[in-house]
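For reference, the structure is listed below as structure tokens.
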Amino acid sequence: MPTGIATNRSNIALPPEVAREILQKTQEESAIMRLAPQMPLPGLGTTIPVITSDPEAAWVGETGQKPTSNPGLSKKEMQAYCLAVIVPFSLQFRRDIPTLYDALIARLPRALGFKFDQTVFGAVEKPGENFDNFAACTTQSLVASGGHTAYKGLVAAKTDIATQNGSLNAFALSPTAVGMLLEATDTTGRPIFVLSTADGSFDRLIGARSIESRGMYKAGSAAAASSAGSPAIVGVAGDWSQARWGSVEGVQVSFADQATLTIGSEQVNLWEHNMFAVRAEIELGFRADTACFNLLTGATPGA
């Protein structure tokens with residue numbers, strides 16, 4: 001522990017039902033957690049079997065010998081990496097415990113879920129080699145230019161994923177992508193993204209489920225309009241049955257009222273400023289067959 005930094009966990013206990021609600025809301029904030037199946041993840045990691053090729057059937061005669069065909073198998077290591085955030089509060093929050101819990105539930109899941117999405121999406125650096133992301137996936141443009149349309153970009157994503165033995169079953173879209181797609185039409189001029197009369201939400205997109213998430217966005221460079229620039233990445237399409245995420249113990253929350261925090265470039269002693277801090281952390285892993293995913297971009301086709 002660095003010299004001069006004192007720690008003291010306060011006697012505020014987070015009720016189990018609140019801790020569970022924080023994890024639930026973290027999952028609700030994350031498009032990746034909502035789309036990819038969850039699996040148990042031990043603290044030391046786990047091995048995931050991966051099918052690399054399917055067995056092949058063959059026709060045989062009435063008394064012919066039946067063929068033997070073994071599927072190709074491989075494996076991936078899923079490792080747990082720690083994702084954490086510290087939120088400081090004034091002591092006045094302590095006088096109103098329900099307000100404190102409401103603030104926790106509102107802030108912590110948003111921060112954890114957003115960062116997890118950004119990491120899987122490839123907008124920020126992944127924590128290690130045993131964590132997959134979509135940074136190098138095939139890209140498809142949603143920009144209408146020449147004979148290209150957003151609809152053709154989506155169909156191209158579906159086709160590319162199919163060539164990898166995948167089936168496009170869901171989109172994770174940024175608000176920017178949703179805005180672009182609301183103006184898009186299919187080959188007959190009909191809108192491809194239609195408001196559902198049942199619940200007032202946009203759900204199906206070329207037959208696949210869609211989820212909107214702030215984490216599904218990576219800004220382009222200032223030179224994006226030129227061929228040397230990097231365009232914004234605004235969403236991902238994929239076969240989410242080919243992805244898995246895991247959590248070791250769910251969200252862990254602890255409190256301190258005598259620690260020294262680094263807030264920006266300033267060292268702030270909580271006790272001196274009548275403050276306390278809440279630390280939330282979760283150990284997560286993510287693995288996927290990234291060939292079964294396509295990124296959606298704001299790039300001009302062919303640029």
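Residues are named by chain letter and number: chains run A, B, ... in the order of the structure tokens, numbers start at 1 in each chain, and ligands are numbered from 1 in the order shown.
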Name all residues at most 10 Å from range 183-190 of chain A (count only C-alpha atoms; drop same-chain ones fewer than 5 positions away) and give them as an MDAnalysis selection string.
-> chainID A and resid 142:144 149:152 178 206
Those residues you just picked out, can you put them in a file as a JSON list (two decimals), in the first residue's frame with C-alpha atoms?
```json
[["chain", "number", "residue", "atom", "x", "y", "z"],
["A", 142, "LEU", "CA", -24.42, 2.15, -43.52],
["A", 143, "VAL", "CA", -23.75, 5.20, -45.71],
["A", 144, "ALA", "CA", -25.80, 5.65, -48.88],
["A", 149, "THR", "CA", -27.42, 1.74, -49.37],
["A", 150, "ALA", "CA", -27.64, 0.97, -45.68],
["A", 151, "TYR", "CA", -29.90, -1.95, -46.57],
["A", 152, "LYS", "CA", -27.20, -3.42, -48.81],
["A", 178, "VAL", "CA", -30.38, 3.95, -35.07],
["A", 206, "ILE", "CA", -33.87, -7.58, -41.62]]
```
Go through range 178-277 of chain A and flag each residue having an atom no more than 12 Å from range 93-117 of chain A; for those, report the closest pair of atoms plus their distance in Å to one decimal, using only C-alpha atoms, ordered by chain and rising number, as CSV.
```
residue,atom,partner,partner_atom,distance
A:Glu212,CA,A:Asp117,CA,11.5
A:Ser213,CA,A:Phe114,CA,8.2
A:Arg214,CA,A:Phe114,CA,7.1
A:Gly215,CA,A:Asp117,CA,5.1
A:Met216,CA,A:Asp117,CA,6.7
A:Tyr217,CA,A:Asp117,CA,9.3
A:Lys218,CA,A:Asp117,CA,11.0
A:Gly235,CA,A:Asp117,CA,10.9
A:Val236,CA,A:Asp117,CA,11.0
A:Trp245,CA,A:Phe116,CA,10.4
A:Gly246,CA,A:Phe116,CA,11.7
A:Ser247,CA,A:Phe116,CA,11.7
A:Gly250,CA,A:Leu112,CA,11.4
A:Val251,CA,A:Pro109,CA,9.1
A:Gln252,CA,A:Leu108,CA,11.0
A:Val253,CA,A:Leu108,CA,9.8
A:Ser254,CA,A:Leu104,CA,11.6
A:Phe255,CA,A:Arg94,CA,11.6
A:Asp257,CA,A:Arg94,CA,11.2
A:Asn274,CA,A:Phe93,CA,10.6
A:Met275,CA,A:Phe93,CA,9.2
A:Phe276,CA,A:Arg94,CA,9.0
A:Ala277,CA,A:Leu104,CA,10.8
```
Residue contacts of Asp132 in chain A (8 Å, only C-alpha atoms) excluding same-chain residues fewer than 3 positions away, as a list in words | Val120, Lys126, Glu129, Phe286, Arg287, Ala288 and Thr290 of chain A
Based on the selection just made, write N, CA and C atoms of those residues as a compact mmCIF listing (two decimals), in the first residue's frame.
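So part10.txt came out as:
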```txt
# COMPACT_ATOMS: atom_id res chain seq x y z
N VAL A 120 -15.53 -4.90 -25.48
CA VAL A 120 -15.86 -5.97 -26.43
C VAL A 120 -16.00 -5.39 -27.84
N LYS A 126 -8.54 -3.98 -24.92
CA LYS A 126 -8.99 -5.13 -24.14
C LYS A 126 -7.99 -5.40 -23.02
N GLU A 129 -4.92 -10.99 -23.44
CA GLU A 129 -5.01 -11.83 -24.63
C GLU A 129 -6.16 -12.81 -24.58
N PHE A 286 -14.74 -12.63 -21.66
CA PHE A 286 -15.53 -12.68 -22.89
C PHE A 286 -14.76 -13.42 -23.96
N ARG A 287 -15.43 -14.36 -24.62
CA ARG A 287 -14.85 -15.10 -25.73
C ARG A 287 -15.88 -15.22 -26.85
N ALA A 288 -15.40 -15.21 -28.10
CA ALA A 288 -16.31 -15.32 -29.24
C ALA A 288 -15.56 -15.80 -30.46
N THR A 290 -15.01 -14.46 -33.51
CA THR A 290 -15.19 -13.12 -34.05
C THR A 290 -15.43 -13.11 -35.56
```
Do you have the CA of Gln27 in chain A-CA of Thr119 in chain A distance handy?
->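 Here the two named atoms are 14.8 Å from each other.
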Looking only at strand (DSSP E) from DSSP on the backbone, list the matching residues of range 123-258 of chain A as a VMD selection string.
-> chain A and resid 138 to 141 170 to 173 204 to 205 208 to 212 233 to 238 243 to 247 252 to 256
One decimal, Å: what's the distance from CA of Leu35 in chain A over to CA of Gly220 in chain A, could you say?
->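 We find that CA of Leu35 in chain A and CA of Gly220 in chain A lie 25.4 Å from each other.
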Expected answer as JSON, numbers by chain: helix (DSSP H, G or I) residues in range 64-215 of chain A = {"A": [91, 92, 93, 94, 95, 97, 98, 99, 100, 101, 102, 103, 104, 105, 106, 107, 108, 109, 110, 111, 112, 113, 114, 115, 116, 117, 118, 119, 120, 121, 150, 151, 152, 153, 154, 155, 156, 157, 158, 159, 160, 161, 162, 163, 175, 176, 177, 178, 179, 180, 181, 182]}
Residues as selected, N, CA and C atoms, written as a compact mmCIF listing (two decimals), in the first residue's frame, can you do that?
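So part12.txt came out as:
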```txt
# COMPACT_ATOMS: atom_id res chain seq x y z
N LEU A 91 -20.85 13.10 2.83
CA LEU A 91 -21.45 12.40 3.97
C LEU A 91 -22.94 12.68 4.12
N GLN A 92 -23.41 13.73 3.48
CA GLN A 92 -24.84 14.02 3.56
C GLN A 92 -25.68 12.88 2.98
N PHE A 93 -25.07 12.14 2.05
CA PHE A 93 -25.80 10.99 1.50
C PHE A 93 -26.08 9.95 2.58
N ARG A 94 -25.19 9.88 3.56
CA ARG A 94 -25.36 8.85 4.60
C ARG A 94 -26.60 9.11 5.43
N ARG A 95 -27.04 10.34 5.49
CA ARG A 95 -28.22 10.65 6.30
C ARG A 95 -29.50 10.16 5.63
N ILE A 97 -30.26 7.02 3.55
CA ILE A 97 -29.81 5.76 2.97
C ILE A 97 -30.54 5.39 1.68
N PRO A 98 -31.85 5.54 1.59
CA PRO A 98 -32.49 5.22 0.31
C PRO A 98 -31.94 6.04 -0.85
N THR A 99 -31.61 7.30 -0.61
CA THR A 99 -31.04 8.13 -1.68
C THR A 99 -29.67 7.59 -2.08
N LEU A 100 -28.88 7.15 -1.08
CA LEU A 100 -27.57 6.57 -1.37
C LEU A 100 -27.71 5.33 -2.25
N TYR A 101 -28.62 4.45 -1.88
CA TYR A 101 -28.80 3.23 -2.66
C TYR A 101 -29.30 3.55 -4.07
N ASP A 102 -30.22 4.52 -4.19
CA ASP A 102 -30.70 4.90 -5.51
C ASP A 102 -29.56 5.42 -6.37
N ALA A 103 -28.67 6.22 -5.77
CA ALA A 103 -27.53 6.75 -6.51
C ALA A 103 -26.60 5.63 -6.97
N LEU A 104 -26.38 4.66 -6.08
CA LEU A 104 -25.53 3.52 -6.44
C LEU A 104 -26.11 2.75 -7.62
N ILE A 105 -27.38 2.44 -7.52
CA ILE A 105 -28.03 1.63 -8.54
C ILE A 105 -28.03 2.36 -9.88
N ALA A 106 -28.16 3.68 -9.85
CA ALA A 106 -28.21 4.45 -11.08
C ALA A 106 -26.84 4.62 -11.72
N ARG A 107 -25.80 4.79 -10.90
CA ARG A 107 -24.48 5.14 -11.43
C ARG A 107 -23.58 3.94 -11.72
N LEU A 108 -23.50 3.02 -10.80
CA LEU A 108 -22.53 1.94 -10.94
C LEU A 108 -22.82 1.00 -12.11
N PRO A 109 -24.05 0.52 -12.29
CA PRO A 109 -24.28 -0.36 -13.44
C PRO A 109 -23.99 0.32 -14.76
N ARG A 110 -24.31 1.61 -14.85
CA ARG A 110 -24.07 2.33 -16.10
C ARG A 110 -22.59 2.36 -16.44
N ALA A 111 -21.76 2.61 -15.44
CA ALA A 111 -20.31 2.69 -15.67
C ALA A 111 -19.73 1.33 -16.04
N LEU A 112 -20.12 0.28 -15.32
CA LEU A 112 -19.57 -1.06 -15.58
C LEU A 112 -20.07 -1.61 -16.91
N GLY A 113 -21.37 -1.50 -17.15
CA GLY A 113 -21.93 -2.03 -18.40
C GLY A 113 -21.40 -1.31 -19.62
N PHE A 114 -21.26 0.01 -19.53
CA PHE A 114 -20.76 0.80 -20.66
C PHE A 114 -19.32 0.43 -20.99
N LYS A 115 -18.48 0.31 -19.98
CA LYS A 115 -17.07 -0.01 -20.23
C LYS A 115 -16.91 -1.43 -20.78
N PHE A 116 -17.71 -2.37 -20.30
CA PHE A 116 -17.65 -3.73 -20.83
C PHE A 116 -18.03 -3.74 -22.31
N ASP A 117 -19.11 -3.04 -22.67
CA ASP A 117 -19.52 -2.96 -24.07
C ASP A 117 -18.44 -2.32 -24.92
N GLN A 118 -17.87 -1.22 -24.46
CA GLN A 118 -16.84 -0.53 -25.21
C GLN A 118 -15.61 -1.43 -25.44
N THR A 119 -15.29 -2.26 -24.46
CA THR A 119 -14.13 -3.14 -24.57
C THR A 119 -14.37 -4.25 -25.58
N VAL A 120 -15.53 -4.90 -25.48
CA VAL A 120 -15.86 -5.97 -26.43
C VAL A 120 -16.00 -5.39 -27.84
N PHE A 121 -16.58 -4.22 -27.94
CA PHE A 121 -16.79 -3.56 -29.22
C PHE A 121 -15.47 -3.18 -29.90
N ALA A 150 -27.76 1.61 -46.98
CA ALA A 150 -27.64 0.97 -45.68
C ALA A 150 -28.21 -0.45 -45.71
N TYR A 151 -29.29 -0.63 -46.45
CA TYR A 151 -29.90 -1.95 -46.57
C TYR A 151 -28.92 -2.95 -47.17
N LYS A 152 -28.19 -2.53 -48.21
CA LYS A 152 -27.20 -3.42 -48.81
C LYS A 152 -26.07 -3.73 -47.83
N GLY A 153 -25.73 -2.76 -47.00
CA GLY A 153 -24.69 -3.01 -46.00
C GLY A 153 -25.12 -4.06 -45.00
N LEU A 154 -26.38 -4.00 -44.58
CA LEU A 154 -26.89 -4.99 -43.63
C LEU A 154 -26.96 -6.38 -44.27
N VAL A 155 -27.41 -6.43 -45.52
CA VAL A 155 -27.48 -7.72 -46.23
C VAL A 155 -26.08 -8.29 -46.42
N ALA A 156 -25.10 -7.42 -46.71
CA ALA A 156 -23.72 -7.88 -46.87
C ALA A 156 -23.19 -8.47 -45.56
N ALA A 157 -23.56 -7.86 -44.43
CA ALA A 157 -23.16 -8.41 -43.13
C ALA A 157 -23.77 -9.79 -42.93
N LYS A 158 -25.05 -9.92 -43.25
CA LYS A 158 -25.73 -11.22 -43.09
C LYS A 158 -25.06 -12.29 -43.95
N THR A 159 -24.71 -11.91 -45.19
CA THR A 159 -24.08 -12.86 -46.11
C THR A 159 -22.68 -13.25 -45.63
N ASP A 160 -21.91 -12.27 -45.18
CA ASP A 160 -20.55 -12.56 -44.72
C ASP A 160 -20.56 -13.49 -43.51
N ILE A 161 -21.47 -13.23 -42.58
CA ILE A 161 -21.56 -14.09 -41.39
C ILE A 161 -21.98 -15.50 -41.78
N ALA A 162 -22.85 -15.62 -42.78
CA ALA A 162 -23.29 -16.94 -43.26
C ALA A 162 -22.13 -17.73 -43.85
N THR A 163 -21.20 -17.05 -44.52
CA THR A 163 -20.04 -17.75 -45.09
C THR A 163 -19.12 -18.30 -44.02
N PRO A 175 -26.90 4.81 -30.65
CA PRO A 175 -27.95 5.76 -31.05
C PRO A 175 -27.67 6.37 -32.43
N THR A 176 -26.39 6.55 -32.78
CA THR A 176 -26.05 7.07 -34.10
C THR A 176 -26.51 6.14 -35.20
N ALA A 177 -26.27 4.84 -35.03
CA ALA A 177 -26.70 3.86 -36.03
C ALA A 177 -28.22 3.84 -36.16
N VAL A 178 -28.92 3.94 -35.03
CA VAL A 178 -30.38 3.95 -35.07
C VAL A 178 -30.86 5.15 -35.89
N GLY A 179 -30.23 6.31 -35.66
CA GLY A 179 -30.61 7.49 -36.43
C GLY A 179 -30.38 7.31 -37.93
N MET A 180 -29.26 6.68 -38.29
CA MET A 180 -28.97 6.43 -39.71
C MET A 180 -29.98 5.46 -40.32
N LEU A 181 -30.32 4.43 -39.56
CA LEU A 181 -31.19 3.38 -40.11
C LEU A 181 -32.65 3.81 -40.18
N LEU A 182 -33.05 4.78 -39.38
CA LEU A 182 -34.43 5.26 -39.45
C LEU A 182 -34.73 5.91 -40.80
```
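Comparing A:Pro55, A:Gly166, A:Gly128, A:Pro231 by their smallest distance to Ala299 in chain A, the closest is A:Pro231 (using only C-alpha atoms).
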What's the 10 Å shell around Ala57 in chain A, counting only C-alpha atoms, without same-chain residues fewer than 4 positions away, as an NGL selection string?
-> :A and (66-69)
Would you write out those residues with N, CA and C atoms, as a compact mmCIF listing (two decimals), in the first residue's frame?
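What follows is the written file again_4.txt:
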```txt
# COMPACT_ATOMS: atom_id res chain seq x y z
N LYS A 66 -21.35 -47.52 -43.21
CA LYS A 66 -21.67 -46.14 -42.86
C LYS A 66 -20.37 -45.36 -42.63
N PRO A 67 -20.31 -44.11 -43.10
CA PRO A 67 -19.08 -43.32 -43.00
C PRO A 67 -18.85 -42.79 -41.59
N THR A 68 -17.59 -42.62 -41.28
CA THR A 68 -17.20 -42.01 -40.01
C THR A 68 -16.60 -40.63 -40.30
N SER A 69 -17.05 -39.64 -39.55
CA SER A 69 -16.55 -38.27 -39.76
C SER A 69 -16.45 -37.57 -38.42
```
